[in-house]
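Undergrad: Starting off with a structure, shown below.
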Amino acid sequence: MRIRVMKSRTFRRLRLNTLSGWNQTSADWERFLITSPRGCFVMEDSNNVVGTAATICYENRFAWIGMVLVDPEYRKQELELNS
């Protein structure tokens, strides 16, 4: 698996919203990508998106983390990171 910055074409093929019962739209993701282009991430396994997260910083005073979705089949798994 790998984590990478999300591209605008990525969210158009996301199925995690449906799997999780969330109501995010393409417009919601586009808003995050415009506001914080380097703060939106996906976790991929064999080129399939299995997780997402988005961050936005406000005036260098505080930040918000949202749009955290994980494919149900990948939840509660330990991830071994190589250092």
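Labeling convention for the structure tokens: chains A, B, ... as they appear, residues from 1 per chain, ligands from 1 in order of appearance.
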Would you pick out the contacts of Leu14 of chain A at 10 Å or less, using only C-alpha atoms, so that residues sharing its chain but fewer than 2 positions from it are not included, and give the list as a PyMOL selection string?
TA: chain A and resi 9-12+16-19+25-26+48-52
Undergrad: I need the residues in segment 4-83 of chain A that are helix (DSSP H, G or I) according to DSSP; give them as a PyMOL selection string.
TA: chain A and resi 8-11+16-20+26-35+72-74
Undergrad: Output N, CA, C and O atoms for every residue in the selection just made, as a CSV table (one decimal), in the first residue's frame.
TA:
```csv
chain,number,residue,atom,x,y,z
A,8,SER,N,-7.4,15.6,-8.8
A,8,SER,CA,-8.8,15.8,-9.0
A,8,SER,C,-9.5,14.6,-9.7
A,8,SER,O,-10.7,14.4,-9.5
A,9,ARG,N,-8.8,13.9,-10.6
A,9,ARG,CA,-9.4,12.8,-11.3
A,9,ARG,C,-9.7,11.6,-10.3
A,9,ARG,O,-10.5,10.8,-10.6
A,10,THR,N,-9.0,11.6,-9.2
A,10,THR,CA,-9.1,10.5,-8.3
A,10,THR,C,-10.5,10.4,-7.6
A,10,THR,O,-11.1,9.4,-7.5
A,11,PHE,N,-10.9,11.6,-7.1
A,11,PHE,CA,-12.2,11.6,-6.4
A,11,PHE,C,-13.4,11.2,-7.2
A,11,PHE,O,-14.4,10.8,-6.8
A,16,LEU,N,-15.7,4.9,-1.9
A,16,LEU,CA,-15.7,4.9,-0.4
A,16,LEU,C,-16.9,5.6,0.2
A,16,LEU,O,-17.4,5.2,1.2
A,17,ASN,N,-17.3,6.7,-0.5
A,17,ASN,CA,-18.5,7.4,0.1
A,17,ASN,C,-19.7,6.5,0.1
A,17,ASN,O,-20.4,6.5,1.1
A,18,THR,N,-19.9,5.7,-0.9
A,18,THR,CA,-21.0,4.8,-0.9
A,18,THR,C,-20.9,3.7,0.1
A,18,THR,O,-21.8,3.4,0.8
A,19,LEU,N,-19.7,3.1,0.1
A,19,LEU,CA,-19.4,2.0,1.1
A,19,LEU,C,-19.6,2.5,2.5
A,19,LEU,O,-20.1,1.7,3.3
A,20,SER,N,-19.3,3.7,2.8
A,20,SER,CA,-19.4,4.2,4.2
A,20,SER,C,-20.7,4.9,4.5
A,20,SER,O,-21.0,5.2,5.6
A,26,SER,N,-18.8,15.1,-5.5
A,26,SER,CA,-17.6,15.6,-6.2
A,26,SER,C,-17.3,17.0,-5.9
A,26,SER,O,-16.1,17.4,-5.8
A,27,ALA,N,-18.3,17.8,-5.7
A,27,ALA,CA,-18.1,19.3,-5.4
A,27,ALA,C,-17.4,19.4,-4.1
A,27,ALA,O,-16.6,20.3,-3.9
A,28,ASP,N,-17.8,18.6,-3.1
A,28,ASP,CA,-17.1,18.7,-1.8
A,28,ASP,C,-15.6,18.4,-1.9
A,28,ASP,O,-14.8,19.1,-1.3
A,29,TRP,N,-15.3,17.3,-2.6
A,29,TRP,CA,-13.9,17.0,-2.8
A,29,TRP,C,-13.1,18.1,-3.6
A,29,TRP,O,-12.0,18.5,-3.3
A,30,GLU,N,-13.8,18.6,-4.6
A,30,GLU,CA,-13.2,19.7,-5.4
A,30,GLU,C,-12.9,20.9,-4.5
A,30,GLU,O,-11.8,21.5,-4.7
A,31,ARG,N,-13.8,21.2,-3.6
A,31,ARG,CA,-13.5,22.3,-2.7
A,31,ARG,C,-12.3,22.1,-1.9
A,31,ARG,O,-11.5,23.0,-1.7
A,32,PHE,N,-12.1,20.9,-1.3
A,32,PHE,CA,-10.9,20.6,-0.5
A,32,PHE,C,-9.7,20.7,-1.4
A,32,PHE,O,-8.7,21.2,-1.0
A,33,LEU,N,-9.7,20.2,-2.6
A,33,LEU,CA,-8.5,20.2,-3.5
A,33,LEU,C,-8.2,21.6,-3.9
A,33,LEU,O,-7.0,21.9,-4.1
A,34,ILE,N,-9.1,22.5,-4.1
A,34,ILE,CA,-8.8,23.9,-4.4
A,34,ILE,C,-8.2,24.6,-3.2
A,34,ILE,O,-7.3,25.3,-3.4
A,35,THR,N,-8.8,24.4,-2.1
A,35,THR,CA,-8.4,25.1,-0.9
A,35,THR,C,-7.0,24.5,-0.3
A,35,THR,O,-6.2,25.3,0.2
A,72,PRO,N,-14.2,-0.7,4.2
A,72,PRO,CA,-14.5,-1.6,5.3
A,72,PRO,C,-13.6,-2.9,5.4
A,72,PRO,O,-13.3,-3.3,6.5
A,73,GLU,N,-13.2,-3.3,4.2
A,73,GLU,CA,-12.3,-4.5,4.2
A,73,GLU,C,-10.9,-4.2,4.7
A,73,GLU,O,-10.1,-5.1,5.1
A,74,TYR,N,-10.5,-2.9,4.9
A,74,TYR,CA,-9.2,-2.6,5.3
A,74,TYR,C,-9.2,-2.0,6.7
A,74,TYR,O,-8.1,-1.6,7.2
```
Undergrad: Just the strand (DSSP E or B) stuff from segment 26-82 of chain A, please, per backbone DSSP, written as a ChimeraX atom specification.
TA: /A:40-45,48-58,62-70
Undergrad: Quick one, how far is atom CA of Gly66 of chain A from atom CA of Asp45 of chain A?
TA: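 These two atoms are separated by 21.0 Å.
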Undergrad: Quick one: of A:Gln24, A:Arg15, A:Arg75, A:Met6, who's nearest to Ser36 of chain A, counting only C-alpha atoms?
TA: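 Closest residue, counting only C-alpha atoms: A:Met6.
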